[in-house]
Structures are given as structure tokens and as C-alpha cells.
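K.L.:
Take a look at the following structure, please.
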Amino acid sequence: MKLFGSFLILFLSCLNLIAQQSKVYLKVTPRSAEVSLDGEDMGKANRNTLKMGFNERKGIVEHEIVVSAKGYQNFKQVFEVGMPRKESVVIKLERELPTFDPAPEFYIDIEKVVSGVEYSTEVGANTRWKFRFNEEIDLDQKKYKMIEVLSKMGLKTIDGPSDDLFNTGNDKPKTADILIAGRVEKFNLKRGGAESGYSYYSSSGYTSSISINWQFYDRHKKEIIFKETISSDYFFESSLITEEFYNSVVENFYVLFNQGKGLKEILKNQTANRVDFSSISAEELETDSTIIDSSGQSNEVQKVVSSDLFEDQILYEEEVLIPFVQLEKMDVFADLVAVSSNASVTVLIDDRGHGSGFVVSSNGYIVTNHHVIDDAKYVDVQFNNGIILPGDIVTSSEKYDLALIKVRAGGLTALPIAGDLSNVRQGDEVFVVGAPGFKELGQSVSKGIISGKRSNEGVKILQTDTKISPGNSGSPLINMNGEVVGVINSKFIDEGVEGLGFAIDARYLYNVLGLKYE
């Protein structure tokens with residue numbers, strides 16, 4: 001009897017090797033994906049359980065599944081005899097992207113994504129929109145995911161991957177030829193899947209529906225070469241809604257290259273009329289008259305305030321021509337400080353206080369903050385050598401907190417204004433020259449780094465850990481080339497918080513104050 005039992009166990013074991021039944025449970029993203037088993041359509045892939053039979057005697061030793069969805073690359077997997085009786089498989093399909101081979105000559109980069117939704121708008125699922133209208137949305141690390149998308153397609157990017165870790169042979173331009181910007185025109189959030197009537201959608205997650213108006217801008221021709229609004233859905237089960245919103249932007253960016261009408265052909269035929277920005281004059285960097293209004297329509301205008309996605313809009317009333325400024329290269333930091341100090345001034349306001357400023361032209365134009373000169377009866381300017389001259393207010397902007405003053409003088413030391421800040425990075429060394437606290441301190445110097453790039457109510461600002469005091473308002477934030485990259489205008493003060501100073505982006509000196517190099 002024992003012998004018969006042993007024989008039965010052995011017999012059943014052999015049958016298991018010959019015939020086997022297994023179940024495979026699929027969890028698939030996107031939820032719209034379909035699955036086939038050995039070429040037979042099995043319907044929706046997500047939350048589908050596939051039954052697979054194996055029989056070595058009949059030669060059935062493997063099964064193949066193919067998961068597919070529109071706009072995604074197919075996923076294939078082979079299951080072989082001897083696999084577990086039950087197995088769960090998580091599949092996330094990769095987006096299908098066009099390829100550019102050979103790569104076009106131009107370089108392309110992500111400029112920004114801004115809000116086209118009013119602040120505190122109810123977007124669903126007990127959630128309110130957190131960005132102000134036209135505010136730049138800080139995508140943080142997600143921007144690099146978007147740059148990876150561009151690189152995967154074979155497009156050249158400024159910040160793309162490189163094997164040249166030391167930049168020994170790096171011939172990349174400082175600024176991309178084509179800039180991409182987007183405006184979030186709609187965002188809705190709801191619990192559950194986009195098609196909740198289907199059982200394969202989870203009711204515990206969220207679906208975000210987003211529409212983004214994408215624009216591609218040729219910096220050299222100064223024209224928008226492509227514009228289209230793309231709508232997409234993104235399902236997630238995380239409770240980190242802000243983080244998943246950023247992911248939905250990246251997902252929409254993928255969809256753009258799948259659905260953008262004629263986008264591939266436009267980029268394929270695009271040429272790079274590149275300019276060497278290391279030697280270009282500021283006059284050549286001046287603004288354009290083509291802008292976009294908040295509805296996304298392009299118009300030809302003359303000196304109109306607009307919510308253009310790019311920084312070429314004209315915001316001044318009258319152009320101010322100033323002599324071009326070219327500093328000699330200085331290897332010693334103290335020499336750079338000496339020149340910068342001679343170009344820095346103290347702005348004296350009535351009898352009620354002072355601020356700082358800096359000379360931008362040898363013929364007497366000086367930049368400071370609007371809040372420094374606001375409601376002033378008279379303005380005096382004290383130079384580094386102690387001379388005080390009366391100043392006239394030429395123009396100012398409360399929104400951008402900038403003001404332009406003119407003194408009757410010539411032969412002044414001036415600082416050059418940076419023409420392009422897209423290559424300014426966190427960690428770049430900068431310094432500030434100004435009159436902190438008491439005007440008697442004159443031109444004091446403090447050094448630090450760029451610690452962040454922000455946007456406040458649509459105004460671009462640079463964050464710095466450089467020591468800032470009240471009298472520093474209007475001081476120049478200067479890079480190691482001696483160029484003004486920002487105008488100090490505020491400091492964040494709170495218990496336990498140190499080193500948060502802010503500067504208005506220096507590019508606004510061109511299109512807000514109207515400065516133009518001759």
C-alpha cells in the first residue's frame with residue numbers, strides 16, 4: 001500500500017510537469033491599454049486575469065502577451081512552462097515618440113510653463129488652483145524629464161546628457177535656438193478613472209484632465225513657429241496632488257509630440273540661424289513686436305502690455321538709447337569689485353531715507369527700485385567719490401519695481417546689463433554692491449550665490465543668499481563677468497529664516513524701462 005502511495009505521488013508529479021494551469025493578473029498603465037494572448041484579443045489589459053495552460057507532451061511550453069495602446073509602444077512578455085501558478089505583473093507602457101535622424105542642427109529648450117487659470121479656482125475633488133494667473137509654474141525636477149523627452153527623440157538640448165563631463169569639447173551655444181513654453185488653460189480633477197463605468201478603473205485614485213497651449217519660438221527669426229492646445233488625461237493613485245499635477249504636465253508634453261499637427265515636419269525642416277551670444281551686441285537682443293494675448297492669439301502691436309509666453313513684449317512708453325558697455329575681463333575679484341563700486345550709487349530721497357542704484361550708461365542713466373523713489377519730491381544721487389548730483393525720474397514701474405533716473409553728467413563708469421539669463425544656474429556666484437543700513441557706509445560688498453529662480457505674480461525674480469539690508473534696495477546683483485543679472489528689491493524675514501534675498505530679473509530693464517544699446 002505504501003508502495004502504491006509513493007507511485008501515485010510520483011505519477012501526479014509527472015502530470016504536473018506535463019500539464020500546468022497558471023493565472024496572470026495584470027495591472028497596466030494607461031488604463032486604455034488592450035491585451036492579446038497568443039494573438040487572441042483578450043480585451044482591456046488593466047485588472048485582467050489571463051489563464052494560461054501548459055502541456056509539454058503537446059508542445060505547449062510558452063505563451064506570449066502583447067499589451068498595446070494608442071500613442072504608446074507595445075509591450076511584449078513571454079511566460080514559460082514552470083512559471084508560478086499565480087503571478088501579478090505591473091506594466092507601464094512607454095510613450096511612442098517620433099525620432100529625428102539625423103538630428104536637426106538647432107538646439108531646443110524648455111523656457112517655462114505658466115498658469116492660465118485664475119488663482120483659487122475650484123478644480124474638483126475639493127481642490128483649489130494654487131497658482132496666480134500668468135504665474136510661472138516651478139516644475140522643479142520635472143523640467144529635466146521633459147528635456148529627456150526631447151533627447152530621446154534625437155533633438156539637441158542645452159542641458160541634455162553628455163559624455164563630456166569636463167566640457168572639454170563642448171560647443172553648445174549658451175542659449176537654445178528654439179524655446180518651448182506652455183500655458184495651462186484648463187485643469188480638472190476627479191476621483192476615480194476617466195471612464196469609471198468600466199470595472200478596470202480604480203475608484204480610489206484620481207484622474208486629472210489638463211489642456212496646455214504649447215508654443216515653439218524661434219529666437220533668431222523672433223516668431224512663433226508652432227502653436228497648439230493639447231488635452232490629455234492622467235490617472236494616479238497617489239495623494240500627492242501637486243506632485244501628480246507636475247506629472248500630468250509631463251504626460252501632456254508626451255502627447256504633444258504624438259498629436260501635434262505637423263510638429264515633426266516643422267522641426268525637421270527648421271534651421272539654426274545661430275548667433276554667437278558671447279559677442280552679440282545688446283541692440284541685437286532687443287525686443288520684438290509679435291506678442292500673444294491671454295487667448296493665445298498672435299497680434300502685431302506697438303508698445304502694448306501683454307501676457308506673452310515669452311519675454312519679447314514691449315512694456316515701456318519710450319525707448320531710451322544708451323551707449324554700449326563692454327567690460328574688460330578681470331581675473332582678480334577685487335578689480336571687478338572696484339569697477340562695480342564706481343558704478344554703484346546711493347539714491348537719496350527727500351529727508352526720509354535712501355536706497356541704492358547703479359549706472360547703466362556713461363551719460364548718466366541710473367537704475368533703482370520703484371519703491372525707493374515712489375512719492376519722492378526730489379531725488380539726489382551720491383556717487384562713490386562723494387559727489388552728489390540732482391536726479392530726474394525718467395520712468396518707473398510699480399509692478400516690476402523698477403525705476404530709471406537721469407543725472408546731468410558724462411564719462412561715468414557703467415555696468416553692462418546681461419542680455420540673456422537662460423544660462424544662469426543655481427550655485428552661480430554673484431555679489432551685491434550697495435549702501436546697506438546707513439548711507440554713510442557707502443558702497444559695501446557682499447558675495448553669495450544664486451539659490452533659486454522664482455516667479456512672483458508673473459514677475460521673474462532671482463533668489464540669492466547674498467546678505468541683503470534695507471538700504472540695498474536697487475543694488476545690482478552682479479555675476480563674475482561683471483554683468484548685472486538682477487536688481488535687488490526685497491528680503492524675506494521670518495523667525496529662523498536667513499539668507500533669502502530677491503532680485504528682479506535684469507532683462508526687464510530692456511522691455512520695462514525701455515533701455516536699448518546704441
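Starting from 1 in every chain, residues are counted up; chains themselves are A, B, ... following the order of the C-alpha cells, and ligands are numbered from 1 as listed.
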Return as an mmCIF file with C-alpha atoms, in the first residue's frame the full set of residues in region 324-488 of chain A whose backbone-based DSSP assignment is strand (DSSP E or B).

P.N.:
```cif
data_model
loop_
_atom_site.group_PDB
_atom_site.id
_atom_site.type_symbol
_atom_site.label_atom_id
_atom_site.label_comp_id
_atom_site.auth_asym_id
_atom_site.auth_seq_id
_atom_site.Cartn_x
_atom_site.Cartn_y
_atom_site.Cartn_z
ATOM 1 C CA SER A 344 27.147 101.923 -7.852
ATOM 2 C CA VAL A 345 25.371 104.874 -6.275
ATOM 3 C CA THR A 346 23.327 105.850 -3.233
ATOM 4 C CA VAL A 347 19.886 107.267 -4.064
ATOM 5 C CA LEU A 348 18.873 109.967 -1.547
ATOM 6 C CA ILE A 349 15.130 110.572 -1.203
ATOM 7 C CA GLY A 353 15.887 107.828 3.663
ATOM 8 C CA HIS A 354 17.921 106.286 0.918
ATOM 9 C CA GLY A 355 18.272 103.315 -1.383
ATOM 10 C CA SER A 356 20.863 102.049 -3.822
ATOM 11 C CA GLY A 357 21.233 102.154 -7.590
ATOM 12 C CA PHE A 358 23.723 101.640 -10.385
ATOM 13 C CA VAL A 359 24.861 103.449 -13.524
ATOM 14 C CA TYR A 365 21.190 106.895 -16.697
ATOM 15 C CA ILE A 366 20.774 105.097 -13.361
ATOM 16 C CA VAL A 367 18.547 102.181 -12.338
ATOM 17 C CA THR A 368 16.950 101.687 -8.910
ATOM 18 C CA VAL A 379 15.950 112.684 -5.782
ATOM 19 C CA ASP A 380 19.689 113.126 -5.302
ATOM 20 C CA VAL A 381 22.366 110.670 -6.388
ATOM 21 C CA GLN A 382 25.576 110.240 -4.407
ATOM 22 C CA ILE A 388 26.046 114.443 -5.109
ATOM 23 C CA LEU A 389 24.027 115.349 -8.202
ATOM 24 C CA PRO A 390 20.291 116.013 -8.576
ATOM 25 C CA GLY A 391 18.397 113.339 -10.480
ATOM 26 C CA ASP A 392 15.264 113.345 -12.627
ATOM 27 C CA ILE A 393 12.876 110.386 -12.669
ATOM 28 C CA VAL A 394 12.550 109.282 -16.307
ATOM 29 C CA THR A 395 10.163 106.341 -15.869
ATOM 30 C CA SER A 396 9.167 103.707 -13.325
ATOM 31 C CA SER A 397 7.036 100.568 -12.976
ATOM 32 C CA LEU A 402 11.998 99.312 -11.388
ATOM 33 C CA ALA A 403 12.816 102.977 -11.956
ATOM 34 C CA LEU A 404 15.113 104.923 -14.252
ATOM 35 C CA ILE A 405 16.823 108.130 -13.103
ATOM 36 C CA LYS A 406 18.878 110.625 -15.162
ATOM 37 C CA VAL A 407 21.646 112.882 -13.880
ATOM 38 C CA ILE A 417 23.182 94.539 -18.416
ATOM 39 C CA GLU A 429 28.488 83.055 -7.822
ATOM 40 C CA VAL A 430 27.211 86.640 -7.595
ATOM 41 C CA PHE A 431 27.809 89.724 -5.495
ATOM 42 C CA VAL A 432 25.958 92.868 -4.461
ATOM 43 C CA VAL A 433 27.298 96.403 -4.175
ATOM 44 C CA GLY A 434 25.140 98.940 -2.331
ATOM 45 C CA SER A 444 29.593 97.862 0.727
ATOM 46 C CA VAL A 445 30.088 94.479 -0.959
ATOM 47 C CA SER A 446 28.580 91.103 -0.101
ATOM 48 C CA LYS A 447 29.092 87.865 -2.003
ATOM 49 C CA GLY A 448 26.931 84.773 -2.401
ATOM 50 C CA ILE A 449 25.270 82.504 -4.952
ATOM 51 C CA ILE A 450 22.068 82.222 -6.962
ATOM 52 C CA SER A 451 19.970 79.945 -4.749
ATOM 53 C CA GLY A 452 16.809 79.827 -6.877
ATOM 54 C CA LYS A 453 14.801 81.193 -9.814
ATOM 55 C CA ARG A 454 11.253 82.202 -8.905
ATOM 56 C CA SER A 455 8.188 83.987 -10.223
ATOM 57 C CA ASN A 456 6.020 86.341 -8.172
ATOM 58 C CA VAL A 459 7.429 88.771 -12.468
ATOM 59 C CA LYS A 460 10.627 86.734 -12.759
ATOM 60 C CA ILE A 461 12.978 87.033 -9.812
ATOM 61 C CA LEU A 462 16.287 85.532 -8.729
ATOM 62 C CA GLN A 463 16.772 84.260 -5.193
ATOM 63 C CA THR A 464 20.183 84.758 -3.606
ATOM 64 C CA PRO A 476 22.871 95.487 -8.733
ATOM 65 C CA LEU A 477 23.187 91.703 -8.448
ATOM 66 C CA ILE A 478 26.346 91.071 -10.474
ATOM 67 C CA ASN A 479 27.820 87.875 -11.917
ATOM 68 C CA VAL A 484 24.035 92.908 -13.927
ATOM 69 C CA VAL A 485 21.720 89.874 -13.729
ATOM 70 C CA GLY A 486 19.216 91.344 -11.275
ATOM 71 C CA VAL A 487 18.114 94.360 -9.245
ATOM 72 C CA ILE A 488 17.809 93.731 -5.501
#
```

K.L.:
Report as a list in words all protein, DNA and RNA residues lying within 7 Å of region 94-106 of chain A, evaluated on only C-alpha atoms, omitting residues in the same chain fewer than 2 positions from it.

P.N.:
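Using only C-alpha atoms, the neighbours found are Gly71, Tyr72, Gln73, Lys92, Ile108, Met153, Gly154, Leu155, Lys156, Asp177, Tyr254, Phe257, Asn258, Lys268, Thr271 and Ala272 of chain A.
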
K.L.:
Kindly indicate which residue among A:Val89, A:Val61, A:Ile373, A:Val512 lies nearest to Asp350 (chain A), using only C-alpha atoms for the distances.

P.N.:
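When distances to Asp350 (chain A) are compared using only C-alpha atoms, the smallest one comes from A:Ile373.
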
K.L.:
May I have the residues within 8 Å of Asn385 (chain A) as a short mmCIF file (atom, residue, chain, number, x, y, z; two decimals) with N, CA and C atoms, in the first residue's frame, using only C-alpha atoms and disregarding those fewer than 2 positions away in the same chain?

P.N.:
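Saved as out_39.cif:
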```
data_model
loop_
_atom_site.label_atom_id
_atom_site.label_comp_id
_atom_site.auth_asym_id
_atom_site.auth_seq_id
_atom_site.Cartn_x
_atom_site.Cartn_y
_atom_site.Cartn_z
N ASN A 342 32.49 101.77 -8.41
CA ASN A 342 32.47 103.07 -9.07
C ASN A 342 31.17 103.29 -9.84
N PHE A 383 27.57 109.60 -5.60
CA PHE A 383 28.50 108.66 -6.25
C PHE A 383 29.56 108.20 -5.27
N ILE A 387 30.55 112.83 -4.57
CA ILE A 387 29.83 113.87 -5.30
C ILE A 387 28.33 113.56 -5.32
#
```

K.L.:
Separation of CA of Ser362 (chain A) and CA of Phe324 (chain A), in Å?

P.N.:
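For CA of Ser362 (chain A) relative to CA of Phe324 (chain A), the distance reads 9.2 Å.
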
K.L.:
Residues of region 303-499 of chain A in helix (DSSP H, G or I) according to DSSP, as number ranges by chain?

P.N.:
A: 333-343, 370-373, 439-441, 470-472

K.L.:
Within 9 Å of Ile60 (chain A), counting only C-alpha atoms, which residues qualify if same-chain residues fewer than 5 places away don't, as a ChimeraX atom specification?

P.N.:
/A:19,53-55,81

K.L.:
Would you write out those residues with N, CA and C atoms, as a CSV table (one decimal), in the first residue's frame?

P.N.:
```csv
chain,number,residue,atom,x,y,z
A,19,ALA,N,1.3,18.9,-17.7
A,19,ALA,CA,0.1,19.8,-17.8
A,19,ALA,C,0.1,20.7,-16.6
A,53,GLY,N,-2.5,27.7,-20.1
A,53,GLY,CA,-2.3,26.3,-19.9
A,53,GLY,C,-1.0,25.8,-20.6
A,54,PHE,N,-0.3,24.9,-19.9
A,54,PHE,CA,0.9,24.4,-20.5
A,54,PHE,C,0.8,22.9,-20.6
A,55,ASN,N,1.4,22.3,-21.6
A,55,ASN,CA,1.4,20.8,-21.8
A,55,ASN,C,2.6,20.5,-22.6
A,81,VAL,N,6.7,27.4,-19.4
A,81,VAL,CA,6.2,26.3,-18.5
A,81,VAL,C,7.1,26.3,-17.3
```

K.L.:
From the set A:Met480, A:Ile225, A:Ala409, A:Val184, which residue has the shortest atom-to-atom contact distance to Ile210 (chain A), counting only C-alpha atoms?

P.N.:
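Of A:Met480, A:Ile225, A:Ala409, A:Val184, the one nearest Ile210 (chain A) is A:Val184, counting only C-alpha atoms.
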
K.L.:
In Å to one decimal, how far is CA of Asn247 (chain A) from CA of Phe216 (chain A)?

P.N.:
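These two atoms are separated by 20.8 Å.
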
K.L.:
I'd like the interatomic distance between CA of Lys142 (chain A) and CA of Glu265 (chain A), to a tenth of an Å.

P.N.:
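So the two atoms, CA of Lys142 (chain A) and CA of Glu265 (chain A), lie 26.3 Å apart.
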
K.L.:
Just the residues within 9 Å of region 20-36 of chain A, please, counting only C-alpha atoms, with nothing from its chain fewer than 4 positions along; format it as a ChimeraX atom specification.

P.N.:
/A:15-16,40-56,64-70,72,81-93,193-194,200-201,234-235

K.L.:
Once you have the residues from the selection above, write them out as a compact mmCIF listing (two decimals), in the first residue's frame, restricted to C-alpha atoms.

P.N.:
```txt
# COMPACT_ATOMS: atom_id res chain seq x y z
CA LEU A 15 1.41 15.05 -14.70
CA ASN A 16 2.20 18.47 -13.21
CA GLU A 40 -6.11 36.46 -29.48
CA ASP A 41 -7.73 39.70 -28.31
CA MET A 42 -8.45 39.49 -24.56
CA GLY A 43 -9.96 42.97 -24.11
CA LYS A 44 -8.82 45.61 -21.63
CA ALA A 45 -5.46 44.87 -20.06
CA ASN A 46 -5.73 46.55 -16.67
CA ARG A 47 -7.07 44.32 -13.87
CA ASN A 48 -7.44 41.46 -16.33
CA THR A 49 -6.64 37.90 -15.21
CA LEU A 50 -5.26 35.73 -18.00
CA LYS A 51 -5.41 31.94 -17.78
CA MET A 52 -2.55 30.04 -19.38
CA GLY A 53 -2.32 26.30 -19.90
CA PHE A 54 0.94 24.40 -20.49
CA ASN A 55 1.39 20.84 -21.77
CA GLU A 56 4.88 19.67 -22.57
CA GLU A 64 3.08 35.47 -25.28
CA ILE A 65 1.08 38.53 -24.26
CA VAL A 66 1.13 41.86 -26.11
CA VAL A 67 -0.14 44.99 -24.36
CA SER A 68 -0.87 47.95 -26.63
CA ALA A 69 -2.48 51.41 -26.50
CA LYS A 70 -2.74 54.28 -28.93
CA TYR A 72 2.33 54.03 -26.70
CA VAL A 81 6.24 26.34 -18.50
CA GLY A 82 7.25 26.06 -14.86
CA MET A 83 6.12 29.59 -14.02
CA PRO A 84 4.23 30.12 -10.74
CA ARG A 85 0.59 29.14 -10.69
CA LYS A 86 -0.32 32.73 -9.80
CA GLU A 87 1.65 35.79 -10.85
CA SER A 88 0.99 39.54 -10.80
CA VAL A 89 2.57 41.74 -13.46
CA VAL A 90 2.75 45.55 -13.32
CA ILE A 91 3.17 47.14 -16.75
CA LYS A 92 3.68 50.82 -17.55
CA LEU A 93 3.73 51.43 -21.27
CA GLY A 193 -10.83 56.73 -13.57
CA ALA A 194 -11.63 58.77 -16.64
CA TYR A 200 -10.97 48.02 -14.63
CA TYR A 201 -10.68 51.59 -13.37
CA TYR A 234 -3.66 61.35 -16.38
CA PHE A 235 -4.67 58.72 -13.79
```
